[in-house]
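Containing compact mmCIF, C-alpha atoms and all ligand atoms: work_29.txt.
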# COMPACT_ATOMS: atom_id res chain seq x y z
CA MET A 144 37.09 78.44 -198.48
CA ASN A 145 36.07 77.02 -195.10
CA ILE A 146 37.48 73.54 -194.64
CA ALA A 147 36.29 70.96 -192.10
CA PHE A 148 38.20 67.83 -191.17
CA LEU A 149 36.96 64.40 -190.22
CA ALA A 150 39.73 62.32 -188.69
CA SER A 151 39.91 59.18 -186.55
CA HIS A 152 43.53 58.80 -185.52
CA GLY A 153 46.80 60.66 -185.92
CA GLY A 154 45.68 63.46 -188.16
CA SER A 155 49.10 64.01 -189.74
CA ASN A 156 47.46 64.78 -193.09
CA MET A 157 45.20 67.27 -191.36
CA GLN A 158 48.21 68.83 -189.68
CA ALA A 159 50.05 69.14 -193.01
CA ILE A 160 47.09 71.06 -194.44
CA ILE A 161 46.84 73.29 -191.35
CA ASP A 162 50.59 73.96 -191.64
CA ALA A 163 50.16 74.90 -195.31
CA VAL A 164 47.50 77.41 -194.24
CA LYS A 165 49.75 78.77 -191.50
CA ASN A 166 52.73 79.25 -193.79
CA GLY A 167 50.60 81.00 -196.40
CA GLN A 168 50.87 78.27 -199.02
CA LEU A 169 47.13 77.58 -198.83
CA LYS A 170 44.46 80.27 -198.60
CA ALA A 171 41.79 78.43 -196.65
CA ASN A 172 40.22 78.54 -193.19
CA PRO A 173 40.28 75.37 -191.13
CA VAL A 174 36.95 75.86 -189.33
CA VAL A 175 36.26 72.63 -187.49
CA VAL A 176 37.58 69.15 -186.69
CA ILE A 177 35.28 66.20 -186.01
CA SER A 178 36.51 62.85 -184.74
CA ASN A 179 34.70 59.63 -183.88
CA ASN A 180 37.57 58.89 -181.48
CA SER A 181 37.70 60.95 -178.30
CA GLU A 182 41.33 59.88 -177.72
CA SER A 183 42.53 60.76 -181.22
CA LYS A 184 45.65 62.79 -181.75
CA ALA A 185 43.65 64.65 -184.40
CA LEU A 186 41.46 66.17 -181.65
CA GLN A 187 44.55 67.08 -179.61
CA ARG A 188 46.03 68.77 -182.64
CA ALA A 189 42.81 70.73 -183.20
CA LYS A 190 42.91 71.86 -179.59
CA SER A 191 46.53 73.03 -179.86
CA GLU A 192 45.73 74.86 -183.07
CA GLY A 193 42.71 76.60 -181.51
CA ILE A 194 40.30 75.03 -184.02
CA PRO A 195 36.80 74.13 -182.79
CA HIS A 196 36.65 70.36 -182.37
CA TYR A 197 34.02 67.77 -181.58
CA HIS A 198 33.96 64.13 -180.62
CA LEU A 199 30.90 62.66 -182.34
CA SER A 200 30.42 58.92 -182.28
CA ALA A 201 28.10 56.15 -181.13
CA LYS A 202 29.33 57.02 -177.63
CA THR A 203 27.94 60.56 -177.84
CA HIS A 204 24.87 59.62 -179.94
CA SER A 205 23.56 56.07 -179.58
CA ASN A 206 20.96 56.67 -182.28
CA PRO A 207 22.75 56.49 -185.68
CA GLU A 208 20.40 58.98 -187.33
CA ARG A 209 20.92 61.51 -184.54
CA LEU A 210 24.67 61.00 -184.86
CA GLU A 211 24.61 61.71 -188.58
CA GLN A 212 22.40 64.75 -188.02
CA ALA A 213 24.84 66.00 -185.37
CA ILE A 214 27.76 65.65 -187.80
CA LEU A 215 25.79 67.49 -190.47
CA ASP A 216 24.79 70.22 -188.02
CA VAL A 217 28.40 70.83 -186.95
CA LEU A 218 29.51 71.04 -190.60
CA THR A 219 26.75 73.46 -191.55
CA ASP A 220 27.02 75.52 -188.32
CA HIS A 221 30.66 76.16 -189.18
CA GLN A 222 29.75 77.15 -192.76
CA THR A 223 31.83 74.38 -194.25
CA ASP A 224 32.63 74.64 -197.95
CA LEU A 225 34.87 71.60 -198.25
CA VAL A 226 35.02 68.44 -196.09
CA ILE A 227 38.45 66.84 -195.81
CA LEU A 228 38.61 63.21 -194.70
CA ALA A 229 41.97 62.67 -193.08
CA GLY A 230 42.17 59.07 -191.93
CA TYR A 231 38.44 58.94 -191.09
CA MET A 232 37.44 55.34 -190.51
CA LYS A 233 33.68 55.74 -190.81
CA LYS A 234 31.54 55.73 -193.90
CA ILE A 235 29.98 59.06 -194.81
CA SER A 236 26.22 58.81 -194.38
CA LYS A 237 23.62 59.56 -197.02
CA ARG A 238 22.43 62.41 -194.83
CA VAL A 239 25.81 64.12 -195.07
CA LEU A 240 26.33 63.14 -198.73
CA ASP A 241 22.97 64.65 -199.69
CA VAL A 242 24.25 68.05 -198.59
CA PHE A 243 27.98 67.82 -199.30
CA GLN A 244 28.47 65.28 -202.11
CA GLY A 245 31.00 66.64 -204.58
CA LYS A 246 32.61 68.64 -201.77
CA ILE A 247 34.03 65.78 -199.71
CA LEU A 248 37.62 64.70 -200.37
CA ASN A 249 39.51 61.65 -199.19
CA ILE A 250 43.13 60.60 -199.45
CA HIS A 251 44.12 56.98 -199.97
CA PRO A 252 47.66 55.60 -199.68
CA ALA A 253 47.71 53.71 -203.00
CA LEU A 254 46.97 54.19 -206.68
CA LEU A 255 43.19 53.68 -206.80
CA PRO A 256 41.30 51.81 -208.16
CA LYS A 257 43.91 49.28 -207.11
CA PHE A 258 44.21 48.43 -203.42
CA GLY A 259 41.09 50.25 -202.26
CA GLY A 260 37.68 49.35 -200.91
CA GLN A 261 36.28 48.09 -197.65
CA GLY A 262 38.93 46.81 -195.26
CA MET A 263 41.78 48.38 -197.23
CA TYR A 264 43.25 50.84 -194.77
CA GLY A 265 46.45 51.42 -192.85
CA SER A 266 49.21 48.84 -193.23
CA ARG A 267 46.83 46.43 -195.00
CA VAL A 268 47.08 48.59 -198.11
CA HIS A 269 50.87 48.52 -198.18
CA GLU A 270 51.00 44.81 -197.36
CA ALA A 271 48.70 44.12 -200.32
CA VAL A 272 50.87 46.26 -202.62
CA LEU A 273 53.98 44.34 -201.56
CA ALA A 274 52.25 40.95 -201.80
CA ALA A 275 51.19 41.78 -205.37
CA GLY A 276 54.81 42.48 -206.29
CA GLU A 277 54.04 46.02 -207.47
CA LYS A 278 56.99 48.16 -208.50
CA GLU A 279 55.15 51.36 -207.67
CA SER A 280 52.50 52.54 -205.32
CA GLY A 281 51.36 56.07 -204.62
CA VAL A 282 48.67 58.39 -203.34
CA THR A 283 45.18 59.18 -204.57
CA VAL A 284 43.03 62.18 -203.64
CA HIS A 285 39.45 61.55 -204.67
CA LEU A 286 35.89 62.69 -204.19
CA VAL A 287 33.82 60.69 -201.75
CA ASP A 288 30.64 58.90 -202.70
CA GLU A 289 28.60 56.16 -201.06
CA HIS A 290 31.23 53.47 -201.73
CA TYR A 291 34.62 53.10 -200.06
CA ASP A 292 37.54 54.61 -202.00
CA HIS A 293 35.39 55.01 -205.08
CA GLY A 294 34.60 58.61 -206.17
CA ALA A 295 36.29 60.53 -209.01
CA THR A 296 40.05 60.86 -208.77
CA LEU A 297 41.24 64.46 -208.38
CA ALA A 298 44.98 63.86 -208.07
CA GLN A 299 47.40 60.97 -208.05
CA ARG A 300 51.12 60.67 -207.47
CA LYS A 301 53.34 57.64 -207.86
CA VAL A 302 55.80 56.48 -205.23
CA PRO A 303 58.35 53.75 -205.99
CA VAL A 304 58.34 50.43 -204.18
CA LEU A 305 61.95 49.63 -203.29
CA ASP A 306 63.67 46.29 -202.84
CA GLY A 307 63.46 45.28 -199.20
CA ASP A 308 60.46 47.51 -198.47
CA THR A 309 58.24 46.51 -195.58
CA ALA A 310 54.71 47.85 -195.13
CA ASP A 311 56.19 50.35 -192.68
CA THR A 312 58.95 51.70 -194.95
CA LEU A 313 56.54 51.94 -197.88
CA ALA A 314 53.91 53.64 -195.71
CA GLU A 315 56.45 56.20 -194.58
CA ARG A 316 57.48 57.03 -198.17
CA VAL A 317 53.84 57.27 -199.27
CA LEU A 318 52.84 59.41 -196.27
CA LYS A 319 55.48 62.02 -197.18
CA GLU A 320 53.76 62.45 -200.55
CA GLU A 321 50.33 62.48 -198.92
CA HIS A 322 51.39 65.45 -196.84
CA LYS A 323 52.24 67.40 -200.00
CA ILE A 324 49.55 66.37 -202.45
CA TYR A 325 46.53 66.94 -200.19
CA ALA A 326 47.25 70.63 -199.58
CA GLU A 327 48.27 71.07 -203.23
CA THR A 328 44.99 69.58 -204.43
CA ILE A 329 42.93 71.80 -202.12
CA GLY A 330 44.95 74.76 -203.43
CA LYS A 331 44.07 73.80 -207.01
CA ILE A 332 40.38 73.58 -206.09
CA ILE A 333 40.54 77.04 -204.52
CA ALA A 334 42.38 78.40 -207.59
CA GLY A 335 39.72 76.89 -209.87
CA GLU A 336 42.26 74.61 -211.56
CA ILE A 337 40.28 71.61 -210.35
CA LYS A 338 36.52 72.07 -210.70
CA LEU A 339 34.29 70.21 -208.27
C1 LIG B 1 46.70 58.03 -194.38
O1 LIG B 1 47.56 57.04 -194.84
C2 LIG B 1 45.57 58.25 -195.38
O2 LIG B 1 45.95 58.00 -196.69
C3 LIG B 1 44.55 57.25 -194.95
O3 LIG B 1 44.64 57.21 -193.54
C4 LIG B 1 45.95 57.63 -193.13
C5 LIG B 1 45.75 58.76 -192.17
O4 LIG B 1 46.93 59.17 -191.57
N1 LIG B 1 43.24 57.59 -195.44
P1 LIG B 1 46.91 60.48 -190.66
O5 LIG B 1 45.84 60.26 -189.59
O6 LIG B 1 46.59 61.63 -191.54
O7 LIG B 1 48.27 60.54 -190.07
I'd like the structure from this file rewritten - as structure tokens, please.
Amino acid sequence: MNIAFLASHGGSNMQAIIDAVKNGQLKANPVVVISNNSESKALQRAKSEGIPHYHLSAKTHSNPERLEQAILDVLTDHQTDLVILAGYMKKISKRVLDVFQGKILNIHPALLPKFGGQGMYGSRVHEAVLAAGEKESGVTVHLVDEHYDHGATLAQRKVPVLDGDTADTLAERVLKEEHKIYAETIGKIIAGEIKL
């Protein structure tokens, strides 16, 4: 299973998956990392791990269609089987969906369908969970379609909201689960326990 990553910032979820591959927990090949952010830690991580990596954004391709074709070309050139969104802040284009739909996964730091959709990212998600007075939050791994945070749920795990939580403390607790569940879900796909 050749896995490609799309990441915009830190890439800690990507790193957790790469680590699971390195320690033998996950039988997959991380083949390529694409980022829309040339300064992203995700690209630095790819470099340190010796994984081919590309900055592809409006800065490298001013024509949006050429940009989407470039992303698609990199994915296909590296014989990608599964596309892993790991904190990727851009919408996946129809051009890429036409080829990879059903094989693109995203992780979201809440229990979808609650607290998802356009503009719900980063600390905004956790702030909304706290403002709603929820007693639990969690993590969702889902398939990607043309809407934000919308495709079929593949895995979900609850995380408690504790008295006195701030968006930061909740985010930290949720992120720990993200780092486990993403690799586990990919493992289940590879084992055929989750059918795409
Ligand atoms: C995570 O919280 C993930 O759920 C969301 O973006 C964040 C990415 O964090 N989609 P990282 O870049 O993997 O550290």
Problem set entry | Contacts of ligand LIG 1 (chain B), 7 Å or closer, all atoms listed in the file, given as number ranges by chain | A: 150-157, 229-231, 249-252, 264-265, 318, 321
Exercise. In Å to one decimal, how far is atom CA of A:His290 from atom CA of A:Asn206?
Worked result: 22.2 Å
For this session: Enter the distance from atom CA of A:Ala253 to atom CA of A:Val226, in Å, rounded to one decimal.
Result: 20.6 Å
Exercise. So how far away is atom CA of A:His293 from atom CA of A:Val176, in Å?
Worked result: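 If I compute the distance from atom CA of A:Val176 to atom CA of A:His293, I get 23.3 Å.
With all atoms listed in the file as the atoms that count, the minimum distance from A:Lys301 to the choices A:Glu289, A:Glu192, A:Glu279, A:Glu182 is reached by A:Glu279.
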Problem set entry | Spatial neighbours of stretch 207-217 of chain A, max dist 8 Å, all atoms listed in the file, sep filter under 5 positions, as a PyMOL selection string | chain A and resi 177+199-201+236+238-239
For this session: Would you please work out which residue, of A:Gly262, A:Lys165, A:Leu248, A:Lys170, is nearest to A:Phe148 when using only C-alpha atoms?
Result: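 Answer, going by the shortest atom-to-atom distance: A:Leu248.
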Exercise. Within 7 Å of stretch 294-298 of chain A, counting all atoms listed in the file, which residues qualify if same-chain residues fewer than 3 places away don't, as a list in words?
Worked result: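 After dropping sequence-adjacent residues, the list is Thr283, Val284, His285, Leu286, Val287, Asp288 and Thr328 of chain A.
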Problem set entry | Given all atoms listed in the file as the counted atoms, nearest of A:Gln299, A:Ser266, A:Ala271, A:Met232 to A:Ala314 |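 Smallest separation from A:Ala314 among the options: A:Ser266.
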